[in-house]
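The data block below is structure-v8.cif; it holds mmCIF, C-alpha atoms.
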```cif
data_query
loop_
_atom_site.label_atom_id
_atom_site.label_comp_id
_atom_site.auth_asym_id
_atom_site.auth_seq_id
_atom_site.Cartn_x
_atom_site.Cartn_y
_atom_site.Cartn_z
CA MET A 1 178.04 65.68 67.96
CA GLU A 2 180.71 66.56 65.43
CA ALA A 3 179.73 70.24 65.52
CA THR A 4 180.08 70.29 69.32
CA LEU A 5 183.55 68.75 69.14
CA LYS A 6 184.66 71.26 66.54
CA LYS A 7 183.33 74.18 68.60
CA VAL A 8 185.19 72.98 71.72
CA GLN A 9 188.37 72.72 69.66
CA LYS A 10 187.89 76.15 68.10
CA LEU A 11 187.30 77.86 71.46
CA ALA A 12 190.26 76.07 73.03
CA LEU A 13 192.53 77.37 70.27
CA LEU A 14 191.12 80.86 70.70
CA HIS A 15 191.63 81.11 74.47
CA ASP A 16 194.68 78.89 75.09
CA LYS A 17 197.20 80.59 72.83
CA VAL A 18 199.64 82.83 74.66
CA ASP A 19 200.59 86.30 73.48
CA PRO A 20 204.44 86.29 73.18
CA ARG A 21 204.47 89.89 74.44
CA ILE A 22 202.93 88.84 77.77
CA VAL A 23 205.53 86.07 78.12
CA LYS A 24 208.32 88.60 77.65
CA GLU A 25 206.79 91.36 79.78
CA ARG A 26 206.17 89.06 82.76
CA ASN A 27 209.39 87.09 82.34
CA ILE A 28 207.47 83.83 82.20
CA LYS A 29 209.67 80.72 81.87
CA LEU A 30 207.69 78.70 79.31
CA GLY A 31 208.80 75.09 79.38
CA LEU A 32 210.80 75.96 82.51
CA ARG A 33 213.40 77.49 80.20
CA ASN A 34 215.32 80.75 80.59
CA ALA A 35 215.40 83.23 77.71
CA ASP A 36 218.82 81.90 76.63
CA GLY A 37 217.43 78.36 76.34
CA THR A 38 219.00 77.00 79.52
CA GLY A 39 216.83 75.20 82.07
CA VAL A 40 215.38 76.93 85.12
CA VAL A 41 216.96 75.45 88.24
CA ILE A 42 214.12 74.11 90.39
CA GLY A 43 215.75 71.23 92.24
CA ILE A 44 218.94 69.50 93.28
CA THR A 45 220.11 65.94 92.58
CA SER A 46 223.14 63.73 93.10
CA LYS A 47 222.10 61.27 90.37
CA GLY A 48 222.84 62.69 86.93
CA GLN A 49 224.71 65.72 85.66
CA VAL A 50 224.43 66.83 82.04
CA ILE A 51 226.97 69.35 80.73
CA GLY A 52 226.61 71.01 77.35
CA TYR A 53 227.52 74.62 78.00
CA GLU A 54 229.22 76.85 80.52
CA LYS A 55 228.08 80.23 81.79
CA ILE A 56 230.72 82.95 81.80
CA ALA A 57 230.08 85.95 84.06
CA HIS A 58 231.18 89.42 82.96
CA GLY A 59 232.11 92.34 85.18
CA ASP A 60 228.89 94.18 84.30
CA GLY A 61 226.80 91.42 85.86
CA THR A 62 225.75 89.79 82.57
CA GLU A 63 226.32 86.12 81.70
CA VAL A 64 227.18 84.49 78.39
CA VAL A 65 226.29 80.89 77.59
CA ASN A 66 229.28 79.21 75.98
CA PRO A 67 228.82 75.83 74.16
CA VAL A 68 231.27 73.10 75.24
CA PRO A 69 231.70 69.40 74.33
CA GLY A 70 229.03 67.37 76.10
CA LYS A 71 229.61 65.33 79.21
CA LEU A 72 227.30 63.02 81.19
CA PHE A 73 227.98 61.98 84.78
CA TYR A 74 226.21 59.38 86.92
CA CYS A 75 226.67 60.15 90.64
CA GLY A 76 229.91 61.94 89.78
CA TYR A 77 231.29 59.25 87.44
CA ASP A 78 231.76 59.97 83.73
CA VAL A 79 229.49 57.53 81.87
CA GLU A 80 232.19 57.10 79.22
CA ASP A 81 234.54 55.86 81.97
CA LEU A 82 231.90 53.44 83.24
CA VAL A 83 231.51 51.97 79.74
CA ARG A 84 235.25 51.92 79.11
CA GLU A 85 235.91 50.10 82.39
CA LYS A 86 233.33 47.38 81.84
CA GLU A 87 234.56 46.86 78.27
CA LYS A 88 238.14 46.56 79.52
CA ASP A 89 237.01 43.87 81.99
CA GLY A 90 234.93 42.11 79.32
CA ARG A 91 231.80 42.15 81.52
CA PHE A 92 228.28 43.51 81.51
CA GLY A 93 227.78 46.84 83.26
CA PHE A 94 224.11 47.81 83.38
CA GLU A 95 223.54 46.11 86.75
CA GLU A 96 226.48 48.07 88.16
CA THR A 97 224.96 51.28 86.79
CA VAL A 98 221.60 50.52 88.41
CA TYR A 99 223.31 49.93 91.76
CA LEU A 100 225.29 53.17 91.39
CA LEU A 101 222.19 55.24 90.63
CA LEU A 102 220.18 53.77 93.51
CA THR A 103 222.93 54.01 96.12
CA GLY A 104 225.29 56.75 94.91
CA GLU A 105 228.26 54.36 95.15
CA LEU A 106 229.88 51.77 92.91
CA PRO A 107 229.37 48.22 94.18
CA THR A 108 232.11 46.03 95.56
CA LYS A 109 232.64 42.71 93.82
CA ASN A 110 230.41 40.96 96.40
CA ASP A 111 227.78 43.71 96.20
CA GLN A 112 227.76 43.41 92.42
CA LYS A 113 227.23 39.65 92.57
CA SER A 114 224.47 39.72 95.18
CA PHE A 115 222.64 42.65 93.54
CA SER A 116 222.73 40.97 90.11
CA GLN A 117 221.40 37.77 91.68
CA LEU A 118 218.59 39.73 93.37
CA LEU A 119 217.56 41.29 90.06
CA GLY A 120 217.74 37.91 88.34
CA LYS A 121 215.44 36.27 90.91
CA ARG A 122 212.81 38.99 90.52
CA ARG A 123 212.41 38.87 86.73
CA ALA A 124 209.47 36.48 86.58
CA LEU A 125 205.95 37.91 86.57
CA PRO A 126 203.03 36.57 88.63
CA GLU A 127 201.05 34.07 86.53
CA GLU A 128 197.97 36.29 86.86
CA MET A 129 199.94 39.10 85.21
CA ASN A 130 201.00 36.79 82.40
CA GLN A 131 197.32 36.05 81.86
CA ILE A 132 196.51 39.77 81.68
CA ILE A 133 199.20 40.25 79.04
CA ARG A 134 198.10 37.18 77.04
CA ASN A 135 194.43 38.12 77.06
CA ARG A 136 194.63 41.83 76.32
CA PRO A 137 193.33 43.06 72.93
CA CYS A 138 195.92 42.64 70.19
CA HIS A 139 197.43 45.99 69.24
CA ASP A 140 200.85 47.48 68.62
CA ASP A 141 200.84 50.28 71.23
CA GLN A 142 203.84 49.01 73.18
CA MET A 143 204.19 52.02 75.50
CA GLY A 144 200.47 51.96 76.26
CA SER A 145 200.76 48.27 77.13
CA LEU A 146 203.77 48.92 79.36
CA HIS A 147 201.84 51.66 81.16
CA THR A 148 198.86 49.34 81.70
CA ILE A 149 200.90 46.44 83.07
CA VAL A 150 203.07 48.55 85.38
CA SER A 151 199.96 50.22 86.74
CA ALA A 152 198.38 46.81 87.34
CA MET A 153 201.46 45.55 89.18
CA HIS A 154 200.23 47.27 92.34
CA LEU A 155 197.60 44.51 92.56
CA PHE A 156 200.33 42.03 93.47
CA ASP A 157 202.03 44.21 96.09
CA ARG A 158 201.30 43.51 99.75
CA ASN A 159 201.73 47.21 100.59
CA PRO A 160 201.48 49.17 97.32
CA ASN A 161 200.80 52.66 98.69
CA SER A 162 203.59 52.77 101.22
CA THR A 163 206.18 55.54 100.90
CA ASP A 164 208.39 53.99 103.54
CA LEU A 165 211.86 53.62 102.02
CA ASN A 166 211.93 49.88 102.78
CA ASP A 167 208.87 49.36 100.60
CA VAL A 168 209.83 51.89 97.96
CA THR A 169 213.30 50.35 97.53
CA ARG A 170 211.76 46.88 97.26
CA GLN A 171 209.23 48.09 94.69
CA CYS A 172 211.85 49.90 92.62
CA ILE A 173 214.22 46.92 92.45
CA ASP A 174 211.31 44.63 91.64
CA LEU A 175 210.14 46.82 88.75
CA ILE A 176 213.65 47.37 87.36
CA ALA A 177 213.98 43.57 87.25
CA LYS A 178 210.55 43.04 85.68
CA PHE A 179 210.52 45.78 83.03
CA PRO A 180 212.46 43.66 80.46
CA THR A 181 210.08 40.72 80.97
CA ILE A 182 206.99 42.92 80.67
CA ILE A 183 208.30 44.62 77.52
CA ALA A 184 209.30 41.33 75.86
CA TYR A 185 205.98 39.64 76.68
CA ASN A 186 203.96 42.65 75.52
CA TYR A 187 205.75 42.61 72.18
CA LEU A 188 205.43 38.84 71.71
CA THR A 189 201.71 39.04 72.47
CA ALA A 190 201.24 41.76 69.87
CA THR A 191 203.09 39.87 67.15
CA LYS A 192 202.23 36.21 67.71
CA GLU A 193 199.07 34.37 66.77
CA LYS A 194 196.63 34.25 69.67
CA LYS A 195 196.88 30.45 69.90
CA ALA A 196 200.63 30.77 70.49
CA ARG A 197 200.49 33.51 73.11
CA HIS A 198 200.91 31.07 75.99
CA LYS A 199 204.44 30.25 74.88
CA PHE A 200 206.26 32.84 76.96
CA ARG A 201 209.82 31.85 77.75
CA ASP A 202 210.78 31.97 81.40
CA PRO A 203 213.40 34.65 82.15
CA ASP A 204 216.85 33.25 82.90
CA PRO A 205 218.04 34.49 86.32
CA ASN A 206 221.65 33.68 85.49
CA MET A 207 221.91 35.94 82.44
CA SER A 208 222.66 39.66 82.49
CA ILE A 209 219.74 42.01 81.94
CA ALA A 210 220.89 42.65 78.36
CA GLU A 211 221.32 38.95 77.52
CA ASN A 212 218.04 37.96 79.15
CA PHE A 213 215.96 40.53 77.25
CA LEU A 214 217.38 39.46 73.87
CA TYR A 215 216.83 35.83 74.84
CA LEU A 216 213.18 36.47 75.77
CA LEU A 217 212.61 38.07 72.36
CA THR A 218 214.21 35.40 70.21
CA GLY A 219 214.45 32.24 72.29
CA GLU A 220 218.15 32.07 71.58
CA THR A 221 221.16 33.07 73.65
CA PRO A 222 222.51 36.23 71.94
CA ASP A 223 226.08 36.40 70.72
CA ARG A 224 228.39 38.07 73.20
CA ALA A 225 229.26 41.13 71.09
CA THR A 226 225.61 42.01 70.44
CA ALA A 227 224.65 41.55 74.09
CA GLU A 228 227.57 43.68 75.29
CA LEU A 229 226.68 46.52 72.93
CA PHE A 230 223.03 46.30 73.98
CA ASP A 231 224.24 46.47 77.59
CA THR A 232 226.12 49.67 76.72
CA MET A 233 222.97 51.14 75.15
CA LEU A 234 221.12 50.49 78.40
CA ILE A 235 223.86 52.25 80.37
CA PHE A 236 223.74 55.29 78.09
CA HIS A 237 219.95 55.59 78.46
CA ALA A 238 219.73 54.88 82.20
CA GLU A 239 219.87 58.46 83.46
CA HIS A 240 219.99 62.04 82.21
CA GLY A 241 219.51 64.35 85.17
CA GLY A 242 216.37 65.46 86.96
CA GLY A 243 215.29 67.93 84.29
CA ASN A 244 214.49 65.58 81.42
CA ASN A 245 210.74 65.37 80.92
CA SER A 246 210.06 61.81 82.06
CA THR A 247 212.28 62.02 85.13
CA PHE A 248 210.77 65.36 86.12
CA ALA A 249 207.30 63.84 85.68
CA THR A 250 208.32 60.95 87.93
CA ARG A 251 209.71 63.32 90.56
CA CYS A 252 206.66 65.58 90.36
CA VAL A 253 204.22 62.71 90.97
CA SER A 254 206.51 61.21 93.64
CA SER A 255 206.55 64.53 95.49
CA SER A 256 202.78 64.35 95.99
CA GLY A 257 203.05 61.14 98.00
CA ALA A 258 201.74 58.94 95.18
CA ASN A 259 202.83 55.31 95.14
CA THR A 260 205.73 53.90 93.14
CA TYR A 261 203.55 52.42 90.40
CA MET A 262 201.76 55.70 89.72
CA ALA A 263 205.03 57.65 89.75
CA LEU A 264 206.72 55.33 87.24
CA CYS A 265 203.61 55.35 85.06
CA ALA A 266 204.04 59.13 84.87
CA GLY A 267 207.54 58.55 83.53
CA ILE A 268 206.25 56.02 81.00
CA GLY A 269 203.52 58.40 79.86
CA SER A 270 206.03 61.18 79.34
CA LEU A 271 208.52 58.96 77.52
CA SER A 272 205.83 57.84 75.07
CA GLY A 273 205.76 61.34 73.57
CA HIS A 274 207.47 61.76 70.19
CA LEU A 275 209.50 64.71 71.47
CA HIS A 276 211.11 62.52 74.14
CA GLY A 277 211.31 58.73 73.88
CA GLY A 278 209.98 58.45 70.33
CA ALA A 279 212.75 60.54 68.79
CA ASN A 280 214.82 57.61 67.50
CA GLU A 281 211.77 56.23 65.70
CA ALA A 282 211.32 59.64 64.06
CA VAL A 283 214.97 59.51 62.92
CA VAL A 284 214.44 56.12 61.26
CA ARG A 285 211.30 57.35 59.48
CA MET A 286 213.14 60.50 58.35
CA MET A 287 216.11 58.50 57.08
CA ASN A 288 213.83 56.09 55.22
CA ASP A 289 212.29 59.10 53.51
CA ILE A 290 215.72 60.51 52.64
CA LYS A 291 216.82 57.16 51.24
CA GLN A 292 213.83 57.17 48.90
CA LYS A 293 213.97 60.81 47.82
CA VAL A 294 217.73 61.44 47.51
CA LYS A 295 219.11 59.69 44.44
CA GLN A 296 222.82 60.11 45.11
CA TRP A 297 223.51 59.25 48.74
CA ASP A 298 227.19 60.16 48.37
CA SER A 299 226.43 63.73 47.24
CA ASP A 300 226.67 66.42 49.91
CA LYS A 301 224.88 68.77 47.55
CA GLU A 302 221.83 66.52 47.10
CA VAL A 303 221.60 65.64 50.77
CA GLU A 304 221.91 69.29 51.76
CA ALA A 305 219.21 70.32 49.27
CA TYR A 306 216.75 67.77 50.67
CA LEU A 307 217.52 68.70 54.28
CA GLU A 308 216.74 72.32 53.37
CA LEU A 309 213.34 71.19 52.11
CA ILE A 310 212.78 69.38 55.41
CA LEU A 311 213.71 72.48 57.42
CA ASP A 312 211.41 74.59 55.22
CA LYS A 313 208.52 72.18 55.96
CA LYS A 314 208.32 71.15 52.32
CA ALA A 315 209.48 67.56 52.73
CA GLY A 316 209.52 64.73 55.28
CA ASP A 317 206.72 65.04 57.83
CA LYS A 318 206.61 68.79 57.09
CA LYS A 319 207.23 69.80 60.70
CA GLY A 320 210.53 71.52 59.92
CA LYS A 321 212.63 69.20 62.08
CA VAL A 322 215.78 67.26 61.25
CA TYR A 323 215.33 64.54 63.83
CA GLY A 324 218.33 63.47 65.85
CA MET A 325 219.80 66.97 65.73
CA GLY A 326 219.84 69.23 68.76
CA HIS A 327 219.34 68.74 72.47
CA ALA A 328 218.00 70.69 75.43
CA VAL A 329 221.48 70.80 77.01
CA TYR A 330 224.12 69.43 74.64
CA THR A 331 225.40 71.90 72.06
CA VAL A 332 228.80 70.93 70.63
CA SER A 333 228.48 67.15 71.11
CA ASP A 334 226.49 64.42 72.83
CA PRO A 335 229.00 61.94 74.34
CA ARG A 336 226.62 59.04 73.77
CA ALA A 337 226.28 59.87 70.07
CA VAL A 338 230.06 60.09 69.68
CA PHE A 339 230.40 56.56 71.06
CA LEU A 340 227.50 55.16 69.02
CA GLU A 341 228.83 56.54 65.75
CA LYS A 342 231.94 54.40 66.18
CA ARG A 343 230.00 51.26 67.08
CA ALA A 344 227.37 51.85 64.42
CA GLY A 345 230.11 51.73 61.81
CA GLU A 346 231.26 48.32 63.05
CA LEU A 347 227.68 47.00 63.08
CA ALA A 348 226.94 48.42 59.63
CA LYS A 349 229.90 46.55 58.19
CA ALA A 350 228.81 43.27 59.79
CA ALA A 351 225.20 43.79 58.61
CA ASP A 352 226.24 44.86 55.08
CA ARG A 353 224.68 48.30 55.58
CA GLU A 354 227.79 50.41 55.13
CA LYS A 355 226.31 52.53 52.32
CA GLU A 356 223.33 53.39 54.50
CA PHE A 357 225.62 54.24 57.42
CA GLU A 358 227.63 56.61 55.22
CA LEU A 359 224.36 58.41 54.45
CA TYR A 360 223.73 58.76 58.20
CA LYS A 361 227.19 60.26 58.68
CA ARG A 362 226.67 62.64 55.76
CA VAL A 363 223.39 63.91 57.25
CA ALA A 364 225.12 64.26 60.64
CA ARG A 365 227.89 66.34 59.04
CA VAL A 366 225.70 68.57 56.88
CA ALA A 367 222.65 69.19 59.09
CA PRO A 368 224.13 71.20 62.02
CA SER A 369 225.30 74.10 59.83
CA LEU A 370 221.96 74.17 57.98
CA VAL A 371 220.01 74.27 61.25
CA ARG A 372 222.26 77.01 62.59
CA GLY A 373 221.84 79.04 59.40
CA LYS A 374 218.05 78.77 59.34
CA LYS A 375 217.22 78.78 63.05
CA GLY A 376 220.27 80.37 64.66
CA LYS A 377 220.79 77.39 66.96
CA VAL A 378 224.00 75.54 67.76
CA VAL A 379 223.05 71.86 67.46
CA CYS A 380 224.82 68.53 67.45
CA THR A 381 223.95 64.95 66.66
CA ASN A 382 222.20 63.44 69.69
CA VAL A 383 221.98 59.85 70.90
CA ASP A 384 218.68 59.28 69.08
CA PHE A 385 220.29 59.83 65.69
CA TYR A 386 222.25 56.58 65.77
CA SER A 387 220.44 54.46 68.37
CA GLY A 388 217.63 53.36 66.05
CA PHE A 389 220.12 52.34 63.34
CA VAL A 390 222.11 50.36 65.92
CA TYR A 391 218.96 48.57 67.12
CA GLN A 392 217.99 47.77 63.53
CA CYS A 393 221.41 46.24 62.89
CA MET A 394 220.81 44.08 65.98
CA GLY A 395 217.50 42.92 64.50
CA ILE A 396 215.37 44.77 67.07
CA PRO A 397 212.05 46.04 65.63
CA MET A 398 211.20 49.75 65.73
CA GLU A 399 208.16 49.15 67.96
CA LEU A 400 210.58 48.32 70.78
CA PHE A 401 212.87 51.36 70.51
CA THR A 402 210.97 53.46 73.06
CA PRO A 403 210.10 50.58 75.43
CA ILE A 404 213.82 49.71 75.53
CA PHE A 405 214.49 53.34 76.44
CA ALA A 406 212.03 52.88 79.34
CA MET A 407 213.71 49.59 80.29
CA ALA A 408 216.95 51.51 80.81
CA ARG A 409 215.57 54.78 82.16
CA VAL A 410 213.49 53.08 84.87
CA ALA A 411 216.78 52.87 86.79
CA GLY A 412 217.06 56.65 86.75
CA TRP A 413 213.37 57.13 87.49
CA CYS A 414 213.63 54.91 90.56
CA ALA A 415 216.77 56.64 91.79
CA HIS A 416 215.09 60.04 91.45
CA ARG A 417 211.88 58.79 93.10
CA ILE A 418 213.83 57.69 96.16
CA GLU A 419 215.73 60.98 96.22
CA GLU A 420 212.49 62.95 95.93
CA ILE A 421 210.94 61.07 98.85
CA VAL A 422 214.04 61.69 100.96
CA GLN A 423 213.94 65.42 100.12
CA GLY A 424 210.23 65.47 100.90
CA LYS A 425 208.79 68.67 99.43
CA ILE A 426 205.87 68.74 96.99
CA ILE A 427 206.67 70.30 93.62
CA ARG A 428 204.38 73.24 93.02
CA PRO A 429 205.52 75.82 90.43
CA SER A 430 203.46 78.94 89.80
CA TYR A 431 201.43 79.98 86.76
CA VAL A 432 200.23 83.52 86.06
CA THR A 433 196.92 84.33 84.40
CA SER A 434 196.66 85.48 80.80
CA LEU A 435 193.27 87.11 81.50
CA LYS A 436 192.59 90.80 82.14
CA GLY A 437 190.47 91.11 85.23
CA LYS A 438 187.24 89.57 86.44
CA LYS A 439 184.47 88.56 84.00
CA THR A 440 180.77 89.13 84.65
CA ILE A 441 178.49 86.09 84.29
CA ILE A 442 175.69 86.50 81.77
CA PRO A 443 172.59 84.42 82.67
CA LEU A 444 172.32 81.26 80.57
CA ALA A 445 169.01 82.36 79.00
CA LYS A 446 170.69 85.50 77.62
CA ARG A 447 173.81 83.92 76.12
CA GLY A 448 172.38 83.57 72.61
#
```

Take the structure in this file and express it as structure tokens.
Amino acid sequence: MEATLKKVQKLALLHDKVDPRIVKERNIKLGLRNADGTGVVIGITSKGQVIGYEKIAHGDGTEVVNPVPGKLFYCGYDVEDLVREKEKDGRFGFEETVYLLLTGELPTKNDQKSFSQLLGKRRALPEEMNQIIRNRPCHDDQMGSLHTIVSAMHLFDRNPNSTDLNDVTRQCIDLIAKFPTIIAYNYLTATKEKKARHKFRDPDPNMSIAENFLYLLTGETPDRATAELFDTMLIFHAEHGGGNNSTFATRCVSSSGANTYMALCAGIGSLSGHLHGGANEAVVRMMNDIKQKVKQWDSDKEVEAYLELILDKKAGDKKGKVYGMGHAVYTVSDPRAVFLEKRAGELAKAADREKEFELYKRVARVAPSLVRGKKGKVVCTNVDFYSGFVYQCMGIPMELFTPIFAMARVAGWCAHRIEEIVQGKIIRPSYVTSLKGKKTIIPLAKRG
């Protein structure tokens, strides 16, 4: 058995590797990326716009990609303005963001109230679903559990396979409301003794999404400052354009006519990958390693020397990555990271983790030039670099970092699913063959 598995693996490695020369000769867009690293345009959306560079055309017909400070827009609104406005009003803003992404317009005061009430009423899970969560095998795979429960939610839908917009809109709002409850219950089931698993707290329909999730986790009403910052984190993670991996996966499955539950499970599956949703966990693990191996945290020289070892695959997880640095679109700056650096400093002071935060800032200052020198890439600190530290200061365990990402991003996934159904064309890119002509079958008895 083991020999068969090894042979399958060996042959897969032999035949599945791609000759870089073929990629260049045939102008193949691996990863749907152009040669200059920019994304191949394969669709159109009104939901999210991510800006990290500008293309400058020259008279000879060539284009140059110019890095610029990052910007993120939701339906034409700068996300920094959305956060600034809700902070000025002293209110929660994630519900407003969900409404904006689904409809393309900001809600009126009455719309905001009624939509928030609708989400609040839909938070509770069917008792049969609570039983499924309570009785599942105890394990710590939170994204796997989320995938399982969301997939099973179709069992409680009177018309689960409908792609009529009335049904799809209902399903999307229902799942956006229920994601926090599912994620909290999954985590509590994994961490509590089996005899205590029946003690799920009922979601509070009168709380904001941010407050309610923190309440479900702890059983206590969170302090206002923590809940408002968590609300901001949800806003920042709600959407990032149609090209990010999980949203594209959701759109791709939606375009086939699959139901809402299957489409969102595609997004969950994509987000579970360490190159997408798991990046902030990787940052925390990397920083824990740096804290242990670097003796003088306040020394640029020592930090730089260890980061060089990481980039040379001689330290850390030996994959040559400084996690939290670089982005598919952002080059000079990630607007979400700029905001979080300021708030992380305030949290660090309150949590007595200022020395640790200074180490984070030192890595953020030193790493970009090292990466550029070794890999020739212009990189910046991305949102994942600080988000894990912020969650830790809030007392949120690392196992929930990626599920919380999903809790926010489901708003974007749903908005893109609806848009994909409205546009109504199946996504079907083309692949070329790496083989050279037809092969002749040798009879089985003569294959040695």

What is the CA of Gly219 in chain A to CA of Ala282 in chain A distance in Å?
28.8 Å

Where does the PyMOL selection byres ((chain A and resi 58-73) around 9) land in this file, that is, which residues does it pick, as a VMD selection string?
chain A and resid 36 38 47 to 57 74 to 80 239 to 241 329 to 336 378

Excluding range 390-397 of chain A and residues on its chain fewer than 2 positions from it, collect all residues at most 8 Å away from it, counting all atoms listed in the file, and give them as JSON, numbers by chain.
{"A": [226, 340, 344, 347, 348, 351, 386, 387, 388, 399, 400, 401]}

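Of the residues under consideration (A:Cys265, A:Pro368, A:Thr232, A:Tyr185), A:Tyr185 shows the shortest atom-to-atom contact distance to Ile133 in chain A when counting all atoms listed in the file.
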
As an exercise, work out the distance from CA of Arg353 in chain A to CA of Asp223 in chain A in Å and give it to one decimal place.
19.3 Å

Identify all residues satisfying the PyMOL selection byres ((chain A and resi 272) around 12) in the given file; provide them as number ranges by chain.
A: 141-147, 245-246, 265-271, 273-281, 399-406

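Shortest atom-to-atom contact with Thr189 in chain A among A:Met1, A:Ala225, A:Cys138, A:Val8: A:Cys138, counting only C-alpha atoms.
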
Quick one: which residues end up in the PyMOL selection byres ((chain A and resi 130) around 12) for this structure, as a ChimeraX atom specification?
/A:124-129,131-136,149,152-153,178,181-186,188-189,197-202

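Proximity to Ile28 in chain A was assessed for A:Val40, A:Val253, A:Met233, A:Ala364 counting all atoms listed in the file; the smallest distance is recorded for A:Val40.
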
Between CA of Ser434 in chain A and CA of Asp16 in chain A lies a distance of 8.9 Å
